[in-house]
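Below is final-v5.txt, which holds compact mmCIF, C-alpha atoms.
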```
# COMPACT_ATOMS: atom_id res chain seq x y z
CA MET A 1 107.31 79.02 184.83
CA SER A 2 104.92 80.99 182.67
CA SER A 3 107.87 83.01 181.36
CA ARG A 4 109.59 79.75 180.15
CA VAL A 5 106.38 78.75 178.35
CA ALA A 6 106.24 82.19 176.76
CA GLN A 7 109.90 81.90 175.70
CA LYS A 8 109.25 78.47 174.17
CA GLU A 9 106.22 79.80 172.37
CA ALA A 10 108.21 82.75 171.03
CA ALA A 11 110.98 80.43 169.83
CA ARG A 12 108.41 78.18 168.15
CA GLN A 13 106.87 81.17 166.44
CA LEU A 14 110.30 82.30 165.23
CA ARG A 15 111.05 78.79 163.90
CA MET A 16 107.71 78.67 162.10
CA ALA A 17 108.27 82.10 160.60
CA ALA A 18 111.73 81.03 159.39
CA GLU A 19 110.28 77.84 157.91
CA ALA A 20 107.51 79.78 156.21
CA GLN A 21 110.05 82.18 154.75
CA SER A 22 112.24 79.32 153.59
CA ASN A 23 109.20 77.63 152.00
CA LEU A 24 108.29 80.85 150.27
CA ARG A 25 111.83 81.23 148.90
CA ALA A 26 111.78 77.60 147.71
CA ARG A 27 108.46 78.18 145.95
CA GLN A 28 109.77 81.34 144.36
CA ARG A 29 112.84 79.46 143.12
CA LEU A 30 110.63 76.66 141.75
CA HIS A 31 108.35 79.22 140.13
CA ARG A 32 111.32 80.93 138.46
CA ARG A 33 112.77 77.62 137.26
CA ARG A 34 109.45 76.44 135.79
CA LEU A 35 108.91 79.84 134.20
CA ILE A 36 112.33 79.69 132.54
CA ALA A 37 111.72 76.09 131.42
CA THR A 38 108.37 77.16 129.94
CA LEU A 39 109.95 80.06 128.06
CA VAL A 40 112.79 77.89 126.77
CA ALA A 41 110.35 75.19 125.58
CA ALA A 42 108.19 77.76 123.76
CA ALA A 43 111.26 79.41 122.19
CA ALA A 44 112.57 76.02 121.03
CA VAL A 45 109.27 75.17 119.31
CA VAL A 46 109.17 78.57 117.61
CA VAL A 47 112.78 78.24 116.39
CA VAL A 48 112.08 74.78 114.93
CA ALA A 49 108.88 76.03 113.26
CA ILE A 50 110.75 78.99 111.76
CA ALA A 51 113.53 76.71 110.48
CA ILE A 52 110.96 74.45 108.81
CA SER A 53 108.98 77.38 107.41
CA SER A 54 111.94 79.21 105.93
CA GLY A 55 113.14 75.89 104.51
CA ARG A 56 116.69 77.19 104.68
CA SER A 57 117.98 74.30 106.75
CA SER A 58 116.61 71.67 104.40
CA ARG A 59 117.90 73.53 101.36
CA LEU A 60 121.39 73.96 102.66
CA THR A 61 121.60 70.34 103.67
CA ALA A 62 119.79 68.92 100.65
CA SER A 63 121.14 65.42 100.44
CA PRO A 64 120.28 62.22 98.64
CA GLY A 65 118.78 60.81 101.82
CA GLY A 66 117.03 63.99 102.97
CA ARG A 67 113.28 64.62 103.01
CA LEU A 68 111.67 66.75 100.31
CA SER A 69 109.85 69.86 101.41
CA GLY A 70 106.87 71.48 99.72
CA ALA A 71 105.69 68.46 97.70
CA ALA A 72 102.05 68.81 98.77
CA PHE A 73 102.13 72.58 98.31
CA SER A 74 103.70 72.32 94.87
CA SER A 75 101.35 69.65 93.50
CA GLY A 76 98.35 71.65 94.77
CA LEU A 77 99.65 74.81 93.12
CA PHE A 78 99.69 73.32 89.62
CA ALA A 79 96.80 70.87 89.92
CA GLY A 80 94.36 71.24 87.04
CA ILE A 81 96.39 73.87 85.15
CA PRO A 82 97.29 72.83 81.58
CA GLN A 83 100.98 72.34 80.76
CA ARG A 84 102.47 71.91 77.28
CA GLY A 85 106.19 71.33 77.31
CA THR A 86 107.73 74.42 78.89
CA VAL A 87 104.47 76.41 78.92
CA LEU A 88 102.06 76.66 81.85
CA GLY A 89 98.51 77.94 81.45
CA ARG A 90 95.86 78.26 78.77
CA ALA A 91 97.00 79.06 75.23
CA SER A 92 94.22 81.68 75.09
CA ALA A 93 95.65 83.65 78.04
CA PRO A 94 96.07 87.30 76.97
CA VAL A 95 99.46 87.87 78.66
CA ARG A 96 102.71 85.89 78.36
CA LEU A 97 105.61 85.81 80.79
CA VAL A 98 108.83 84.05 79.82
CA GLU A 99 111.46 83.31 82.46
CA PHE A 100 115.06 82.44 81.69
CA ALA A 101 116.48 80.67 84.72
CA ASP A 102 119.11 78.28 85.98
CA LEU A 103 117.93 75.59 88.37
CA GLN A 104 120.86 76.37 90.70
CA CYS A 105 120.37 80.14 90.64
CA PRO A 106 119.43 81.41 94.14
CA TYR A 107 117.58 84.47 92.80
CA CYS A 108 115.47 82.23 90.55
CA ASP A 109 114.73 80.27 93.70
CA GLU A 110 113.73 83.50 95.46
CA TYR A 111 111.29 84.28 92.64
CA ALA A 112 109.91 80.73 92.70
CA VAL A 113 109.27 80.92 96.44
CA GLN A 114 108.08 84.50 96.77
CA ALA A 115 106.27 85.43 93.58
CA LEU A 116 105.37 82.35 91.57
CA PRO A 117 102.66 80.86 93.83
CA SER A 118 100.67 84.08 93.83
CA LEU A 119 101.06 84.59 90.06
CA VAL A 120 99.94 81.04 89.36
CA ALA A 121 96.95 81.26 91.71
CA ASN A 122 95.79 84.73 90.69
CA TYR A 123 96.61 84.89 86.98
CA VAL A 124 97.54 81.55 85.41
CA ARG A 125 94.73 79.62 87.05
CA GLN A 126 92.28 82.36 86.05
CA GLY A 127 93.32 82.03 82.39
CA LYS A 128 94.86 85.53 82.31
CA LEU A 129 98.51 84.55 82.02
CA GLN A 130 100.62 81.85 80.42
CA MET A 131 104.15 81.28 81.62
CA GLN A 132 107.12 79.78 79.83
CA PHE A 133 110.24 78.43 81.51
CA GLU A 134 113.50 78.50 79.56
CA ASN A 135 116.20 76.53 81.31
CA LEU A 136 119.73 77.96 81.06
CA SER A 137 122.12 75.45 82.58
CA PHE A 138 125.24 77.57 82.88
CA ILE A 139 126.14 77.64 86.57
CA GLY A 140 127.73 74.19 86.66
CA PRO A 141 127.39 70.42 86.21
CA ASP A 142 124.55 70.23 88.75
CA SER A 143 122.58 72.68 86.56
CA VAL A 144 123.09 70.50 83.50
CA LYS A 145 122.11 67.27 85.29
CA ALA A 146 118.95 68.85 86.69
CA GLY A 147 118.29 70.63 83.38
CA ARG A 148 118.25 67.37 81.41
CA VAL A 149 115.72 65.89 83.82
CA ALA A 150 113.62 69.07 83.63
CA ALA A 151 113.61 68.69 79.83
CA ALA A 152 112.48 65.09 80.27
CA ALA A 153 109.69 66.22 82.62
CA ALA A 154 108.65 68.75 79.95
CA GLU A 155 108.18 65.86 77.52
CA GLN A 156 105.52 64.57 79.91
CA ASN A 157 104.09 68.10 80.42
CA ARG A 158 105.25 68.13 84.04
CA LEU A 159 108.16 70.59 83.82
CA TRP A 160 106.57 73.17 86.12
CA ASN A 161 105.96 70.67 88.92
CA PHE A 162 109.52 69.39 88.71
CA VAL A 163 111.14 72.82 88.54
CA ASP A 164 109.07 74.21 91.42
CA LEU A 165 109.84 71.20 93.59
CA LEU A 166 113.52 71.54 92.78
CA TYR A 167 113.53 75.21 93.81
CA LEU A 168 111.76 74.33 97.05
CA ASN A 169 114.59 71.86 97.72
CA GLN A 170 117.49 73.73 96.17
CA GLY A 171 120.97 73.07 97.57
CA GLN A 172 124.14 75.14 97.49
CA GLU A 173 125.56 75.80 94.06
CA ASN A 174 127.92 73.21 92.59
CA THR A 175 128.22 71.06 95.70
CA GLY A 176 127.26 67.93 93.80
CA TYR A 177 123.88 67.72 95.55
CA VAL A 178 122.08 66.94 92.28
CA THR A 179 122.57 63.18 92.56
CA ALA A 180 120.59 60.41 90.88
CA SER A 181 118.80 59.77 94.15
CA TYR A 182 117.89 63.45 94.61
CA LEU A 183 116.50 63.65 91.07
CA HIS A 184 114.62 60.39 91.55
CA ARG A 185 112.96 61.71 94.72
CA LEU A 186 111.94 64.94 92.99
CA LEU A 187 110.45 63.07 90.04
CA ALA A 188 108.66 60.62 92.33
CA ALA A 189 106.96 63.57 94.07
CA VAL A 190 105.56 64.96 90.78
CA PRO A 191 101.97 63.83 90.25
CA ALA A 192 101.13 61.75 87.16
CA LEU A 193 104.72 61.48 85.97
CA ASN A 194 106.38 58.28 84.77
CA VAL A 195 109.68 58.37 86.68
CA SER A 196 111.50 55.64 84.75
CA ALA A 197 110.49 57.15 81.41
CA ALA A 198 111.67 60.58 82.56
CA LEU A 199 115.03 59.23 83.75
CA ARG A 200 115.49 57.41 80.44
CA ALA A 201 114.56 60.54 78.47
CA SER A 202 116.98 62.68 80.47
CA GLY A 203 119.88 60.71 78.97
CA THR A 204 118.83 61.17 75.35
CA PRO A 205 120.12 63.78 72.87
CA ALA A 206 116.62 65.31 72.91
CA ALA A 207 117.18 66.48 76.50
CA ASP A 208 120.51 68.10 75.56
CA GLY A 209 118.80 69.58 72.52
CA ALA A 210 116.17 71.25 74.70
CA LEU A 211 118.90 72.90 76.81
CA HIS A 212 120.73 74.00 73.68
CA GLN A 213 117.53 75.47 72.26
CA ALA A 214 116.95 77.49 75.45
CA SER A 215 120.53 78.85 75.27
CA GLN A 216 120.00 79.86 71.66
CA LEU A 217 116.77 81.65 72.50
CA ALA A 218 118.53 83.43 75.36
CA ALA A 219 121.30 84.56 73.01
CA GLU A 220 118.73 85.85 70.50
CA GLU A 221 116.94 87.81 73.23
CA GLY A 222 120.21 89.17 74.64
CA VAL A 223 119.77 87.45 78.00
CA THR A 224 122.92 87.80 80.09
CA GLY A 225 121.85 86.63 83.53
CA THR A 226 119.19 84.77 85.46
CA PRO A 227 116.47 85.27 86.19
CA THR A 228 115.52 87.34 83.14
CA PHE A 229 111.88 87.96 82.33
CA LEU A 230 110.17 88.81 79.06
CA VAL A 231 106.58 89.95 79.18
CA GLY A 232 103.89 91.13 76.80
CA ARG A 233 100.51 90.54 75.21
CA THR A 234 100.20 87.05 73.72
CA GLY A 235 100.95 87.03 70.00
CA ARG A 236 102.88 90.31 70.12
CA ALA A 237 106.56 91.07 70.66
CA LEU A 238 107.71 90.58 74.25
CA ARG A 239 109.99 92.99 76.06
CA VAL A 240 112.43 92.58 78.93
CA PHE A 241 110.83 93.23 82.29
CA GLN A 242 113.04 94.19 85.23
CA PRO A 243 111.03 93.85 88.43
CA ALA A 244 111.84 96.10 91.38
CA SER A 245 111.94 92.95 93.54
CA LEU A 246 111.45 89.23 93.08
CA THR A 247 108.15 89.32 94.90
CA ALA A 248 104.66 89.10 93.40
CA GLY A 249 103.90 92.86 93.59
CA PRO A 250 105.93 94.20 90.62
CA PHE A 251 104.85 91.30 88.39
CA GLU A 252 101.20 91.81 89.31
CA SER A 253 101.38 95.53 88.49
CA GLU A 254 102.96 94.77 85.09
CA ILE A 255 100.46 92.03 84.25
CA ASN A 256 97.52 94.19 85.38
CA ALA A 257 98.73 97.01 83.13
CA LEU A 258 98.98 94.62 80.17
CA LEU A 259 95.54 93.18 80.92
CA ALA A 260 94.15 96.71 81.03
CA GLY A 261 95.61 97.29 77.57
CA VAL A 262 98.39 99.65 78.62
CA PRO A 263 101.19 99.19 76.04
CA MET B 1 86.82 86.25 124.35
CA LEU B 2 90.28 86.72 122.85
CA THR B 3 90.63 83.01 122.18
CA LEU B 4 87.17 82.88 120.59
CA GLY B 5 88.21 85.76 118.34
CA GLY B 6 91.32 83.80 117.34
CA VAL B 7 89.24 80.69 116.65
CA GLY B 8 86.99 82.79 114.41
CA ILE B 9 89.89 84.29 112.42
CA ALA B 10 91.83 81.04 112.00
CA GLY B 11 88.60 79.14 111.33
CA TYR B 12 87.68 81.53 108.52
CA LEU B 13 91.14 81.29 106.92
CA THR B 14 91.08 77.49 107.19
CA TYR B 15 87.61 77.36 105.61
CA VAL B 16 88.68 79.69 102.78
CA HIS B 17 91.77 77.56 102.19
CA TYR B 18 89.95 74.23 101.90
CA ALA B 19 86.99 75.70 100.01
CA GLY B 20 89.38 77.23 97.45
CA LEU B 21 87.90 80.73 97.99
CA ARG B 22 89.55 84.15 98.04
CA PRO B 23 89.58 85.65 101.54
CA VAL B 24 87.73 88.94 101.98
CA CYS B 25 90.63 91.28 102.54
CA GLY B 26 89.49 94.88 103.03
CA ILE B 27 91.88 97.62 102.02
CA SER B 28 95.15 95.69 102.12
CA HIS B 29 94.44 93.29 99.16
CA GLY B 30 97.33 91.08 100.26
CA CYS B 31 95.46 88.17 101.80
CA GLU B 32 95.51 85.93 98.76
CA THR B 33 99.16 86.70 98.04
CA VAL B 34 100.06 85.71 101.59
CA GLN B 35 97.70 82.73 101.64
CA THR B 36 99.15 81.33 98.42
CA SER B 37 102.79 81.88 99.39
CA SER B 38 104.93 78.98 100.55
CA TYR B 39 104.97 80.57 104.02
CA ALA B 40 101.27 79.72 104.36
CA TYR B 41 102.35 76.13 104.95
CA LEU B 42 104.40 74.53 107.69
CA ALA B 43 105.68 71.07 106.79
CA GLY B 44 102.87 70.81 104.24
CA VAL B 45 100.12 71.76 106.71
CA PRO B 46 98.28 75.07 106.18
CA VAL B 47 99.35 77.57 108.84
CA ALA B 48 95.71 78.63 109.20
CA LEU B 49 94.79 75.11 110.31
CA LEU B 50 97.70 75.02 112.77
CA GLY B 51 96.54 78.38 114.15
CA LEU B 52 93.00 77.08 114.54
CA LEU B 53 94.21 73.99 116.43
CA THR B 54 96.39 76.18 118.68
CA TYR B 55 93.48 78.50 119.51
CA LEU B 56 91.19 75.52 120.22
CA LEU B 57 93.79 74.00 122.56
CA ILE B 58 94.19 77.35 124.36
CA LEU B 59 90.41 77.53 124.66
CA ILE B 60 90.39 74.12 126.35
CA THR B 61 93.19 75.12 128.74
CA VAL B 62 91.50 78.36 129.85
CA ARG B 63 88.34 76.42 130.71
CA ARG B 64 90.31 74.05 132.94
CA GLN B 65 91.57 75.20 136.32
CA SER B 66 94.69 73.08 136.78
CA ASP B 67 98.29 74.26 136.83
CA ASN B 68 99.11 71.97 133.92
CA ALA B 69 96.38 73.65 131.87
CA LEU B 70 97.74 77.06 132.88
CA VAL B 71 101.28 76.13 131.78
CA THR B 72 100.08 74.49 128.55
CA GLY B 73 97.96 77.51 127.66
CA TYR B 74 100.89 79.81 128.43
CA VAL B 75 103.32 77.81 126.26
CA LEU B 76 100.82 77.67 123.37
CA SER B 77 100.21 81.42 123.58
CA LEU B 78 103.95 82.12 123.51
CA ILE B 79 104.47 79.76 120.56
CA GLY B 80 101.58 81.34 118.68
CA PHE B 81 102.88 84.81 119.43
CA GLY B 82 106.47 83.96 118.40
CA PHE B 83 105.47 82.30 115.15
CA SER B 84 103.01 85.11 114.34
CA LEU B 85 105.85 87.61 114.75
CA TYR B 86 107.93 85.59 112.28
CA LEU B 87 105.04 85.39 109.78
CA THR B 88 104.41 89.13 110.06
CA TYR B 89 108.11 89.71 109.36
CA ARG B 90 107.80 87.49 106.26
CA GLU B 91 104.71 89.40 105.11
CA VAL B 92 106.44 92.76 105.38
CA PHE B 93 109.97 91.94 104.24
CA THR B 94 109.69 88.83 102.04
CA ILE B 95 106.22 88.58 100.52
CA HIS B 96 105.65 92.36 100.53
CA ALA B 97 101.94 91.89 101.09
CA ILE B 98 99.85 92.32 104.22
CA CYS B 99 97.06 89.93 105.11
CA SER B 100 94.72 91.75 107.50
CA TRP B 101 93.39 88.44 108.89
CA CYS B 102 96.92 87.27 109.66
CA VAL B 103 97.78 90.58 111.34
CA SER B 104 94.57 90.35 113.41
CA SER B 105 95.56 86.85 114.47
CA ALA B 106 99.05 88.06 115.39
CA ILE B 107 97.49 90.79 117.56
CA VAL B 108 95.23 88.23 119.26
CA PHE B 109 98.22 86.00 119.97
CA ALA B 110 100.17 88.99 121.34
CA LEU B 111 97.29 89.90 123.67
CA LEU B 112 96.89 86.26 124.71
CA ALA B 113 100.59 86.07 125.53
CA VAL B 114 100.29 89.19 127.71
CA VAL B 115 97.15 87.95 129.48
CA GLN B 116 98.62 84.49 130.06
CA THR B 117 101.88 85.98 131.37
CA ILE B 118 99.86 88.07 133.86
CA ARG B 119 97.90 84.94 134.88
CA VAL B 120 101.06 82.91 135.40
CA LEU B 121 102.96 85.61 137.27
CA GLY B 122 99.91 86.69 139.26
CA ALA B 123 98.88 83.21 140.32
CA GLY B 124 102.40 82.06 141.13
CA GLY B 125 100.74 78.96 139.79
CA LEU B 126 103.83 77.40 138.30
CA ALA B 127 105.11 76.59 141.78
CA ARG B 128 101.98 75.51 143.58
CA PRO B 129 102.53 72.24 145.42
CA ALA B 130 101.14 69.24 143.54
CA ALA B 131 98.75 68.39 146.37
CA ALA B 132 97.09 71.78 146.02
CA GLN B 133 96.46 71.42 142.30
CA THR B 134 92.89 71.14 141.17
CA ALA B 135 92.05 68.70 138.42
```

Would you mind writing the structure in this file as structure tokens?
Amino acid sequence: MSSRVAQKEAARQLRMAAEAQSNLRARQRLHRRRLIATLVAAAAVVVVAIAISSGRSSRLTASPGGRLSGAAFSSGLFAGIPQRGTVLGRASAPVRLVEFADLQCPYCDEYAVQALPSLVANYVRQGKLQMQFENLSFIGPDSVKAGRVAAAAAEQNRLWNFVDLLYLNQGQENTGYVTASYLHRLLAAVPALNVSAALRASGTPAADGALHQASQLAAEEGVTGTPTFLVGRTGRALRVFQPASLTAGPFESEINALLAGVP
Amino acid sequence: MLTLGGVGIAGYLTYVHYAGLRPVCGISHGCETVQTSSYAYLAGVPVALLGLLTYLLILITVRRQSDNALVTGYVLSLIGFGFSLYLTYREVFTIHAICSWCVSSAIVFALLAVVQTIRVLGAGGLARPAAAQTA
């Protein structure tokens, strides 16, 4: 009798042990699944953040209906800095930097994203540097369309805001992404700019004249590609500057040398 | 302690950003270059502010003892770590300037990710039955 009770007890113990083991395995499986889900969720957020940060996705898919990126950043960058036509910064700044660029040129875009913000914040805003933007619209019809509007923005002393915003939202070359709607959205995001007046001005001979003038200046200076930079002390002859990279470092070294009076 | 360190770093960078000051940068001199680059913003929001919010949320989760808090803190640490890695890559290979504050923050996020991983794996907390969870 007692041996049957003992057998039953042993069987019960075995069953309980099996159940416990099965529960443990189930918990381990659940743990693994939730861990994987957690890792996937975190990875997805990071990938989206990187895509937004690099701005590549928005640039490659720039479309008339798409959202502009960098508007707040761009308006903050130039806020309070004087602009006169194609020139940014105080006229009394001791160093001048002239850039010849095409609005569709990807390397010009690289410079605008990587170097320009630091140069504006550290030199132009401090009154040490004035910058001039000469627009060469040679890559294709999208360059010309955007170039005319840039010239119109220059008439309202807002060229730098427009150009920077365009670079932050640059599309693929000659894909027809520079539509009326795209240009309208860029202009609308520029602070203190009359959009209708700019659009009207972009269709006038004066806008074409500004592009022609930039091409002539480029020919005189022997500019053969974009971006090309001329740098020097204000009021003296400028010389071609070939940076080692399109990041702020080489430009800062050159400007610092000029500020220190190194010829 | 780690999270408080992160709050301090991100808080300082956020303050400097909104006060329009130059961050104290030590020997690297790259803080302002990094802080004024377009990579210092995510969808128009300063990355320093996003970092500060992330650290504050992690701080809240470590003070709570529930599984949900554990998972949330873990996810936030991993996101912070992943995005810091990306920003460090941008500093070195794109901006060519090193911001010592940003690197410190990346190290804090890396350590937080390690600590949180140990907590999650050690506790087996992700699979605790709902009834056993503490609020």

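Separating atom CA of A:Tyr123 from atom CA of A:Gln104 is a distance of 26.0 Å.
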
**Item:** Distance criterion (all atoms listed in the file): nearest to chain A out of B:Ser84, B:Gln65, B:Ser100, B:Thr3
**Value:** B:Ser84

**Request:** Kindly determine which residues of chain A lie within 8 Å of chain B, considering only C-alpha atoms, and give the answer as a PyMOL selection string.
**Result:** chain A and resi 27-28+30-31+34-35+38-39+41-43+45-46+49-50+52-54+69-73+113-115+117-118+121+247-249

Show me as a PDB file with C-alpha atoms, keeping the file's coordinate frame the residues that reach within 12 Å of (115.0, 94.5, 85.2), counting only C-alpha atoms and using the file's own coordinates.
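Result written to part.pdb:
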```pdb
ATOM      1  CA  VAL A 223     119.770  87.450  78.000  1.00  0.00           C
ATOM      2  CA  THR A 224     122.920  87.800  80.090  1.00  0.00           C
ATOM      3  CA  GLY A 225     121.850  86.630  83.530  1.00  0.00           C
ATOM      4  CA  THR A 226     119.190  84.770  85.460  1.00  0.00           C
ATOM      5  CA  PRO A 227     116.470  85.270  86.190  1.00  0.00           C
ATOM      6  CA  THR A 228     115.520  87.340  83.140  1.00  0.00           C
ATOM      7  CA  PHE A 229     111.880  87.960  82.330  1.00  0.00           C
ATOM      8  CA  LEU A 230     110.170  88.810  79.060  1.00  0.00           C
ATOM      9  CA  VAL A 231     106.580  89.950  79.180  1.00  0.00           C
ATOM     10  CA  ARG A 239     109.990  92.990  76.060  1.00  0.00           C
ATOM     11  CA  VAL A 240     112.430  92.580  78.930  1.00  0.00           C
ATOM     12  CA  PHE A 241     110.830  93.230  82.290  1.00  0.00           C
ATOM     13  CA  GLN A 242     113.040  94.190  85.230  1.00  0.00           C
ATOM     14  CA  PRO A 243     111.030  93.850  88.430  1.00  0.00           C
ATOM     15  CA  ALA A 244     111.840  96.100  91.380  1.00  0.00           C
ATOM     16  CA  SER A 245     111.940  92.950  93.540  1.00  0.00           C
ATOM     17  CA  LEU A 246     111.450  89.230  93.080  1.00  0.00           C
ATOM     18  CA  PRO A 250     105.930  94.200  90.620  1.00  0.00           C
ATOM     19  CA  PHE A 251     104.850  91.300  88.390  1.00  0.00           C
TER      20      PHE A 251
END
```

**Message:** Please list as number ranges by chain every residue within 12 Å of B:Leu4, counting only C-alpha atoms and excluding residues in the same chain fewer than 5 positions away.
**Reply:** B: 9-11, 52, 54-60, 62, 105, 108-109, 112

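The protein and nucleic acid residues lying at most 12 Å from A:Ala189 are A:Arg67, A:Leu68, A:Ser69, A:Gly70, A:Ala71, A:Ala72, A:Phe73, A:Ser74, A:Ser75, A:Gly76, A:Arg158, A:Asn161, A:Phe162, A:Val163, A:Asp164, A:Leu165, A:Leu166, A:Asn169, A:Tyr182, A:Leu183, A:His184, A:Arg185, A:Leu186, A:Ala192, A:Leu193, A:Asn194, A:Val195, with all atoms listed in the file considered and sequence neighbours fewer than 3 positions away removed.
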
**Message:** Just the number, please: distance in Å from atom CA of A:Glu173 to atom CA of A:Val144, one decimal.
**Reply:** 12.1 Å
